[in-house]
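Structure file entry.cif; described as mmCIF, C-alpha atoms.
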data_entry
#
loop_
_atom_site.group_PDB
_atom_site.id
_atom_site.type_symbol
_atom_site.label_atom_id
_atom_site.label_comp_id
_atom_site.auth_asym_id
_atom_site.auth_seq_id
_atom_site.Cartn_x
_atom_site.Cartn_y
_atom_site.Cartn_z
ATOM 1 C CA MET A 1 -77.595 204.265 216.366
ATOM 2 C CA LYS A 2 -76.613 207.325 218.406
ATOM 3 C CA GLN A 3 -78.912 206.178 221.192
ATOM 4 C CA ALA A 4 -77.268 202.735 221.248
ATOM 5 C CA ILE A 5 -73.795 204.268 221.464
ATOM 6 C CA PHE A 6 -74.978 206.653 224.184
ATOM 7 C CA LEU A 7 -76.541 203.765 226.098
ATOM 8 C CA LEU A 8 -73.342 201.736 225.721
ATOM 9 C CA LEU A 9 -71.296 204.667 227.071
ATOM 10 C CA ILE A 10 -73.631 205.029 230.071
ATOM 11 C CA VAL A 11 -73.485 201.296 230.848
ATOM 12 C CA THR A 12 -69.684 201.313 230.573
ATOM 13 C CA ALA A 13 -69.439 204.356 232.852
ATOM 14 C CA LEU A 14 -71.780 202.770 235.389
ATOM 15 C CA LYS A 15 -69.723 199.574 235.414
ATOM 16 C CA GLY A 16 -66.589 201.639 236.054
ATOM 17 C CA ALA A 17 -68.387 203.569 238.797
ATOM 18 C CA LYS A 18 -69.531 200.282 240.361
ATOM 19 C CA VAL A 19 -65.951 198.979 240.437
ATOM 20 C CA ASN A 20 -64.703 202.265 241.909
ATOM 21 C CA GLN A 21 -67.527 202.208 244.472
ATOM 22 C CA ASP A 22 -66.643 198.631 245.455
ATOM 23 C CA ILE A 23 -62.998 199.625 245.891
ATOM 24 C CA LYS A 24 -63.991 202.623 248.042
ATOM 25 C CA ILE A 25 -66.295 200.521 250.209
ATOM 26 C CA ARG A 26 -63.558 197.907 250.662
ATOM 27 C CA LYS A 27 -61.032 200.585 251.616
ATOM 28 C CA ILE A 28 -63.458 202.153 254.095
ATOM 29 C CA LEU A 29 -64.064 198.755 255.696
ATOM 30 C CA ILE A 30 -60.310 198.164 255.951
ATOM 31 C CA THR A 31 -59.766 201.562 257.587
ATOM 32 C CA LEU A 32 -62.613 200.897 260.017
ATOM 33 C CA PHE A 33 -60.979 197.573 260.912
ATOM 34 C CA PHE A 34 -57.720 199.382 261.730
ATOM 35 C CA PHE A 35 -59.600 202.053 263.706
ATOM 36 C CA LEU A 36 -61.276 199.325 265.778
ATOM 37 C CA LEU A 37 -58.046 197.377 266.241
ATOM 38 C CA ALA A 38 -56.208 200.498 267.399
ATOM 39 C CA GLY A 39 -59.102 201.368 269.692
ATOM 40 C CA LEU A 40 -58.997 197.935 271.300
ATOM 41 C CA CYS A 41 -55.252 198.242 271.791
ATOM 42 C CA GLU A 42 -55.441 201.763 273.210
ATOM 43 C CA ILE A 43 -58.441 201.273 275.459
ATOM 44 C CA GLY A 44 -57.625 197.671 276.394
ATOM 45 C CA GLY A 45 -53.985 198.426 277.142
ATOM 46 C CA GLY A 46 -54.906 201.544 279.072
ATOM 47 C CA TYR A 47 -57.527 199.613 281.035
ATOM 48 C CA LEU A 48 -54.978 196.983 282.070
ATOM 49 C CA VAL A 49 -52.620 199.709 283.295
ATOM 50 C CA TRP A 50 -55.587 201.283 285.118
ATOM 51 C CA LEU A 51 -56.373 197.984 286.843
ATOM 52 C CA TRP A 52 -52.748 197.656 287.941
ATOM 53 C CA LEU A 53 -52.359 201.200 289.283
ATOM 54 C CA ARG A 54 -55.877 202.095 290.442
ATOM 55 C CA GLU A 55 -57.350 198.743 291.413
ATOM 56 C CA ASP A 56 -54.187 197.269 293.008
ATOM 57 C CA MET A 57 -54.020 194.314 290.636
ATOM 58 C CA SER A 58 -50.845 192.520 289.554
ATOM 59 C CA TRP A 59 -48.020 194.456 287.947
ATOM 60 C CA MET A 60 -48.205 191.857 285.156
ATOM 61 C CA LEU A 61 -51.429 193.498 283.991
ATOM 62 C CA GLY A 62 -49.529 196.777 283.761
ATOM 63 C CA ALA A 63 -46.740 195.155 281.770
ATOM 64 C CA ILE A 64 -49.173 193.488 279.372
ATOM 65 C CA GLY A 65 -51.103 196.751 279.085
ATOM 66 C CA GLY A 66 -47.879 198.598 278.271
ATOM 67 C CA PHE A 67 -47.073 196.134 275.507
ATOM 68 C CA ILE A 68 -50.576 196.434 274.079
ATOM 69 C CA LEU A 69 -50.207 200.229 274.137
ATOM 70 C CA PHE A 70 -46.960 199.792 272.202
ATOM 71 C CA LEU A 71 -48.910 197.826 269.572
ATOM 72 C CA TYR A 72 -51.434 200.656 269.474
ATOM 73 C CA GLY A 73 -48.631 202.931 268.276
ATOM 74 C CA ILE A 74 -47.961 200.631 265.326
ATOM 75 C CA VAL A 75 -51.524 200.035 264.069
ATOM 76 C CA PRO A 76 -52.148 203.577 262.707
ATOM 77 C CA THR A 77 -49.196 203.244 260.340
ATOM 78 C CA PHE A 78 -51.334 200.910 258.223
ATOM 79 C CA GLN A 79 -53.902 203.655 257.515
ATOM 80 C CA PRO A 80 -53.893 205.342 254.071
ATOM 81 C CA SER A 81 -53.783 208.968 255.195
ATOM 82 C CA TYR A 82 -51.659 211.539 256.966
ATOM 83 C CA PHE A 83 -50.660 211.361 260.634
ATOM 84 C CA HIS A 84 -52.691 214.367 261.789
ATOM 85 C CA ARG A 85 -55.862 213.194 260.080
ATOM 86 C CA ILE A 86 -55.537 209.617 261.335
ATOM 87 C CA TYR A 87 -55.097 210.689 264.937
ATOM 88 C CA ALA A 88 -57.890 213.253 264.766
ATOM 89 C CA ALA A 89 -60.217 210.539 263.467
ATOM 90 C CA TYR A 90 -59.012 208.072 266.110
ATOM 91 C CA GLY A 91 -60.143 210.550 268.753
ATOM 92 C CA GLY A 92 -63.728 210.284 267.555
ATOM 93 C CA ILE A 93 -63.581 206.513 267.218
ATOM 94 C CA PHE A 94 -62.158 206.206 270.747
ATOM 95 C CA ILE A 95 -64.990 208.275 272.203
ATOM 96 C CA VAL A 96 -67.494 205.754 270.882
ATOM 97 C CA MET A 97 -65.367 202.759 271.843
ATOM 98 C CA ALA A 98 -64.725 204.041 275.376
ATOM 99 C CA LEU A 99 -68.467 204.337 275.981
ATOM 100 C CA LEU A 100 -69.024 200.813 274.633
ATOM 101 C CA TRP A 101 -66.118 199.521 276.761
ATOM 102 C CA SER A 102 -67.634 201.091 279.854
ATOM 103 C CA LEU A 103 -70.986 199.500 279.087
ATOM 104 C CA LYS A 104 -69.488 196.056 278.487
ATOM 105 C CA PHE A 105 -66.852 195.860 281.242
ATOM 106 C CA GLU A 106 -68.126 198.218 283.931
ATOM 107 C CA GLY A 107 -71.878 198.083 283.380
ATOM 108 C CA ILE A 108 -72.142 201.859 283.037
ATOM 109 C CA VAL A 109 -74.869 202.804 280.563
ATOM 110 C CA PRO A 110 -74.096 205.901 278.465
ATOM 111 C CA ASP A 111 -76.511 208.746 279.162
ATOM 112 C CA THR A 112 -78.151 211.034 276.624
ATOM 113 C CA PHE A 113 -75.232 213.460 276.584
ATOM 114 C CA ASP A 114 -72.743 210.616 276.059
ATOM 115 C CA ILE A 115 -74.752 209.408 273.081
ATOM 116 C CA ILE A 116 -75.144 212.883 271.574
ATOM 117 C CA GLY A 117 -71.429 213.563 272.010
ATOM 118 C CA ALA A 118 -70.481 210.204 270.487
ATOM 119 C CA ALA A 119 -72.783 210.829 267.510
ATOM 120 C CA MET A 120 -71.200 214.231 266.962
ATOM 121 C CA ALA A 121 -67.740 212.662 267.177
ATOM 122 C CA GLY A 122 -68.794 210.052 264.599
ATOM 123 C CA VAL A 123 -69.878 212.786 262.203
ATOM 124 C CA GLY A 124 -66.548 214.496 262.817
ATOM 125 C CA VAL A 125 -64.683 211.293 261.938
ATOM 126 C CA ALA A 126 -66.620 210.955 258.697
ATOM 127 C CA ILE A 127 -65.833 214.547 257.715
ATOM 128 C CA ILE A 128 -62.190 214.580 258.817
ATOM 129 C CA TYR A 129 -61.185 211.190 257.487
ATOM 130 C CA TYR A 130 -63.488 210.232 254.627
ATOM 131 C CA ALA A 131 -64.327 213.522 252.900
ATOM 132 C CA PRO A 132 -62.660 213.560 249.463
ATOM 133 C CA ARG A 133 -59.912 216.129 249.100
ATOM 134 C CA LYS A 134 -58.321 217.493 245.972
ATOM 135 C CA GLY A 135 -54.776 216.230 245.521
ATOM 136 C CA GLU A 136 -55.177 213.223 247.849
ATOM 137 C CA GLU A 137 -56.629 210.760 245.371
ATOM 138 C CA LYS A 138 -53.449 208.654 245.449
ATOM 139 C CA LEU A 139 -53.959 207.961 249.165
ATOM 140 C CA TRP A 140 -57.181 206.132 248.322
ATOM 141 C CA SER A 141 -56.214 204.671 244.958
ATOM 142 C CA ASN A 142 -56.076 200.937 244.350
ATOM 143 C CA HIS A 143 -52.298 200.974 243.903
#

Could you write out this structure as structure tokens?
Amino acid sequence: MKQAIFLLLIVTALKGAKVNQDIKIRKILITLFFFLLAGLCEIGGGYLVWLWLREDMSWMLGAIGGFILFLYGIVPTFQPSYFHRIYAAYGGIFIVMALLWSLKFEGIVPDTFDIIGAAMAGVGVAIIYYAPRKGEEKLWSNH
């Protein structure tokens, strides 16, 4: 009888852990979506301004780029953390995205040092943004 109760308690705890794990995975995916959206706004908007000022393209590209950069300032407000931590993590995400942008739009292949640096930045993002901290559980709760 004790074994059955113990087994029931373990199964119940595992079900609760599974639900909590699903919630955490969903929240991580949502934050990654906002990181990518902000990165596209920041890099894309900045690139349009670059084309206007450095490549002598239409001022309209600069205006559109400026508006997209404005949107970039709004996107981080949807993240469930503090300002300093969000922007520190964005720095790492933008390193990776800038290298991918360069590959896609300029045909510049990242070299070994680019890749090592981007990997290190990715580890930094994981530590800075996703490491659990005492007293911050409400930031990641389901409420």

TODO: Give the answer as one residue: which of A:Gln21, A:Phe83, A:Met60, A:Tyr90 has the shortest atom-to-atom distance to Cys41 of chain A, using only C-alpha atoms?
DONE: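 Using only C-alpha atoms, the shortest distance to Cys41 of chain A belongs to A:Tyr90.
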
Using only C-alpha atoms, the residue out of A:Ala121, A:Leu37, A:Ala98, A:Leu48 with shortest distance to Ile74 of chain A is A:Leu37

message: At a cut-off of 9 Å, using only C-alpha atoms, what residues contact Val109 of chain A? Leave out same-chain residues fewer than 5 positions from it and give the result as a PyMOL selection string.
response: chain A and resi 99-100+102-104

List, as a PDB file with C-alpha atoms, keeping the file's coordinate frame, every residue that the PyMOL selection byres ((chain A and resi 122-126) around 12) selects in the file provided.
ATOM      1  CA  ILE A  28     -63.458 202.153 254.095  1.00  0.00           C
ATOM      2  CA  THR A  31     -59.766 201.562 257.587  1.00  0.00           C
ATOM      3  CA  LEU A  32     -62.613 200.897 260.017  1.00  0.00           C
ATOM      4  CA  PHE A  35     -59.600 202.053 263.706  1.00  0.00           C
ATOM      5  CA  ARG A  85     -55.862 213.194 260.080  1.00  0.00           C
ATOM      6  CA  ILE A  86     -55.537 209.617 261.335  1.00  0.00           C
ATOM      7  CA  TYR A  87     -55.097 210.689 264.937  1.00  0.00           C
ATOM      8  CA  ALA A  88     -57.890 213.253 264.766  1.00  0.00           C
ATOM      9  CA  ALA A  89     -60.217 210.539 263.467  1.00  0.00           C
ATOM     10  CA  TYR A  90     -59.012 208.072 266.110  1.00  0.00           C
ATOM     11  CA  GLY A  91     -60.143 210.550 268.753  1.00  0.00           C
ATOM     12  CA  GLY A  92     -63.728 210.284 267.555  1.00  0.00           C
ATOM     13  CA  ILE A  93     -63.581 206.513 267.218  1.00  0.00           C
ATOM     14  CA  PHE A  94     -62.158 206.206 270.747  1.00  0.00           C
ATOM     15  CA  ILE A  95     -64.990 208.275 272.203  1.00  0.00           C
ATOM     16  CA  VAL A  96     -67.494 205.754 270.882  1.00  0.00           C
ATOM     17  CA  MET A  97     -65.367 202.759 271.843  1.00  0.00           C
ATOM     18  CA  ILE A 115     -74.752 209.408 273.081  1.00  0.00           C
ATOM     19  CA  ILE A 116     -75.144 212.883 271.574  1.00  0.00           C
ATOM     20  CA  GLY A 117     -71.429 213.563 272.010  1.00  0.00           C
ATOM     21  CA  ALA A 118     -70.481 210.204 270.487  1.00  0.00           C
ATOM     22  CA  ALA A 119     -72.783 210.829 267.510  1.00  0.00           C
ATOM     23  CA  MET A 120     -71.200 214.231 266.962  1.00  0.00           C
ATOM     24  CA  ALA A 121     -67.740 212.662 267.177  1.00  0.00           C
ATOM     25  CA  ILE A 127     -65.833 214.547 257.715  1.00  0.00           C
ATOM     26  CA  ILE A 128     -62.190 214.580 258.817  1.00  0.00           C
ATOM     27  CA  TYR A 129     -61.185 211.190 257.487  1.00  0.00           C
ATOM     28  CA  TYR A 130     -63.488 210.232 254.627  1.00  0.00           C
ATOM     29  CA  ALA A 131     -64.327 213.522 252.900  1.00  0.00           C
ATOM     30  CA  PRO A 132     -62.660 213.560 249.463  1.00  0.00           C
TER      31      PRO A 132
END

For this session: Give me, please, the distance in Å between atom CA of Gly65 of chain A and atom CA of Trp52 of chain A, quoted to one decimal.
Result: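 Computed distance, atom CA of Gly65 of chain A to atom CA of Trp52 of chain A, equals 9.1 Å.
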
What does the distance from atom CA of Pro80 of chain A to atom CA of Lys27 of chain A come to in Å, to one decimal?
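Going from atom CA of Pro80 of chain A over to atom CA of Lys27 of chain A, I get 8.9 Å.
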
Counting all atoms listed in the file, what is within 12 Å of Leu51 of chain A, bar same-chain residues fewer than 3 positions away, as a PyMOL selection string? chain A and resi 44-48+54-65

note - atom CA of His84 of chain A and atom CA of Phe70 of chain A are separated by 18.8 Å

Listed atoms of segment 107-121 of chain A, axis-aligned box, 5 Å per side: centre and edge lengths to one decimal in Å, as AutoDock Vina command-line options?
--center_x -72.9 --center_y 206.2 --center_z 275.2 --size_x 20.4 --size_y 26.1 --size_z 26.4

Starting from the incomplete input, reconstruct N, CA and C atoms of segment 39-58 of chain A and write that as an mmCIF file, in the coordinates of the input.
data_model
loop_
_atom_site.group_PDB
_atom_site.id
_atom_site.type_symbol
_atom_site.label_atom_id
_atom_site.label_comp_id
_atom_site.auth_asym_id
_atom_site.auth_seq_id
_atom_site.Cartn_x
_atom_site.Cartn_y
_atom_site.Cartn_z
ATOM 1 N N GLY A 39 -58.290 201.029 268.529
ATOM 2 C CA GLY A 39 -59.102 201.368 269.692
ATOM 3 C C GLY A 39 -59.045 200.294 270.760
ATOM 4 N N LEU A 40 -59.105 199.036 270.330
ATOM 5 C CA LEU A 40 -58.997 197.935 271.300
ATOM 6 C C LEU A 40 -57.639 197.932 271.974
ATOM 7 N N CYS A 41 -56.596 198.198 271.200
ATOM 8 C CA CYS A 41 -55.252 198.242 271.791
ATOM 9 C C CYS A 41 -55.118 199.409 272.773
ATOM 10 N N GLU A 42 -55.592 200.580 272.362
ATOM 11 C CA GLU A 42 -55.441 201.763 273.210
ATOM 12 C C GLU A 42 -56.292 201.662 274.468
ATOM 13 N N ILE A 43 -57.548 201.331 274.302
ATOM 14 C CA ILE A 43 -58.441 201.273 275.459
ATOM 15 C C ILE A 43 -58.145 200.035 276.305
ATOM 16 N N GLY A 44 -57.930 198.899 275.657
ATOM 17 C CA GLY A 44 -57.625 197.671 276.394
ATOM 18 C C GLY A 44 -56.313 197.769 277.145
ATOM 19 N N GLY A 45 -55.278 198.263 276.476
ATOM 20 C CA GLY A 45 -53.985 198.426 277.142
ATOM 21 C C GLY A 45 -54.067 199.421 278.279
ATOM 22 N N GLY A 46 -54.731 200.547 278.023
ATOM 23 C CA GLY A 46 -54.906 201.544 279.072
ATOM 24 C C GLY A 46 -55.706 201.012 280.247
ATOM 25 N N TYR A 47 -56.703 200.193 279.973
ATOM 26 C CA TYR A 47 -57.527 199.613 281.035
ATOM 27 C C TYR A 47 -56.708 198.661 281.911
ATOM 28 N N LEU A 48 -55.830 197.887 281.279
ATOM 29 C CA LEU A 48 -54.978 196.983 282.070
ATOM 30 C C LEU A 48 -54.025 197.763 282.971
ATOM 31 N N VAL A 49 -53.473 198.851 282.459
ATOM 32 C CA VAL A 49 -52.620 199.709 283.295
ATOM 33 C C VAL A 49 -53.457 200.323 284.418
ATOM 34 N N TRP A 50 -54.665 200.744 284.108
ATOM 35 C CA TRP A 50 -55.587 201.283 285.118
ATOM 36 C C TRP A 50 -55.830 200.267 286.226
ATOM 37 N N LEU A 51 -56.120 199.023 285.838
ATOM 38 C CA LEU A 51 -56.373 197.984 286.843
ATOM 39 C C LEU A 51 -55.160 197.786 287.743
ATOM 40 N N TRP A 52 -53.975 197.825 287.171
ATOM 41 C CA TRP A 52 -52.748 197.656 287.941
ATOM 42 C C TRP A 52 -52.560 198.817 288.928
ATOM 43 N N LEU A 53 -52.667 200.045 288.446
ATOM 44 C CA LEU A 53 -52.359 201.200 289.283
ATOM 45 C C LEU A 53 -53.513 201.663 290.162
ATOM 46 N N ARG A 54 -54.742 201.565 289.688
ATOM 47 C CA ARG A 54 -55.877 202.095 290.442
ATOM 48 C C ARG A 54 -56.651 201.039 291.214
ATOM 49 N N GLU A 55 -56.573 199.803 290.764
ATOM 50 C CA GLU A 55 -57.350 198.743 291.413
ATOM 51 C C GLU A 55 -56.449 197.743 292.150
ATOM 52 N N ASP A 56 -55.158 198.086 292.281
ATOM 53 C CA ASP A 56 -54.187 197.269 293.008
ATOM 54 C C ASP A 56 -54.110 195.826 292.503
ATOM 55 N N MET A 57 -54.172 195.651 291.207
ATOM 56 C CA MET A 57 -54.020 194.314 290.636
ATOM 57 C C MET A 57 -52.552 194.103 290.279
ATOM 58 N N SER A 58 -52.223 192.930 289.819
ATOM 59 C CA SER A 58 -50.845 192.520 289.554
ATOM 60 C C SER A 58 -50.130 193.460 288.576
#
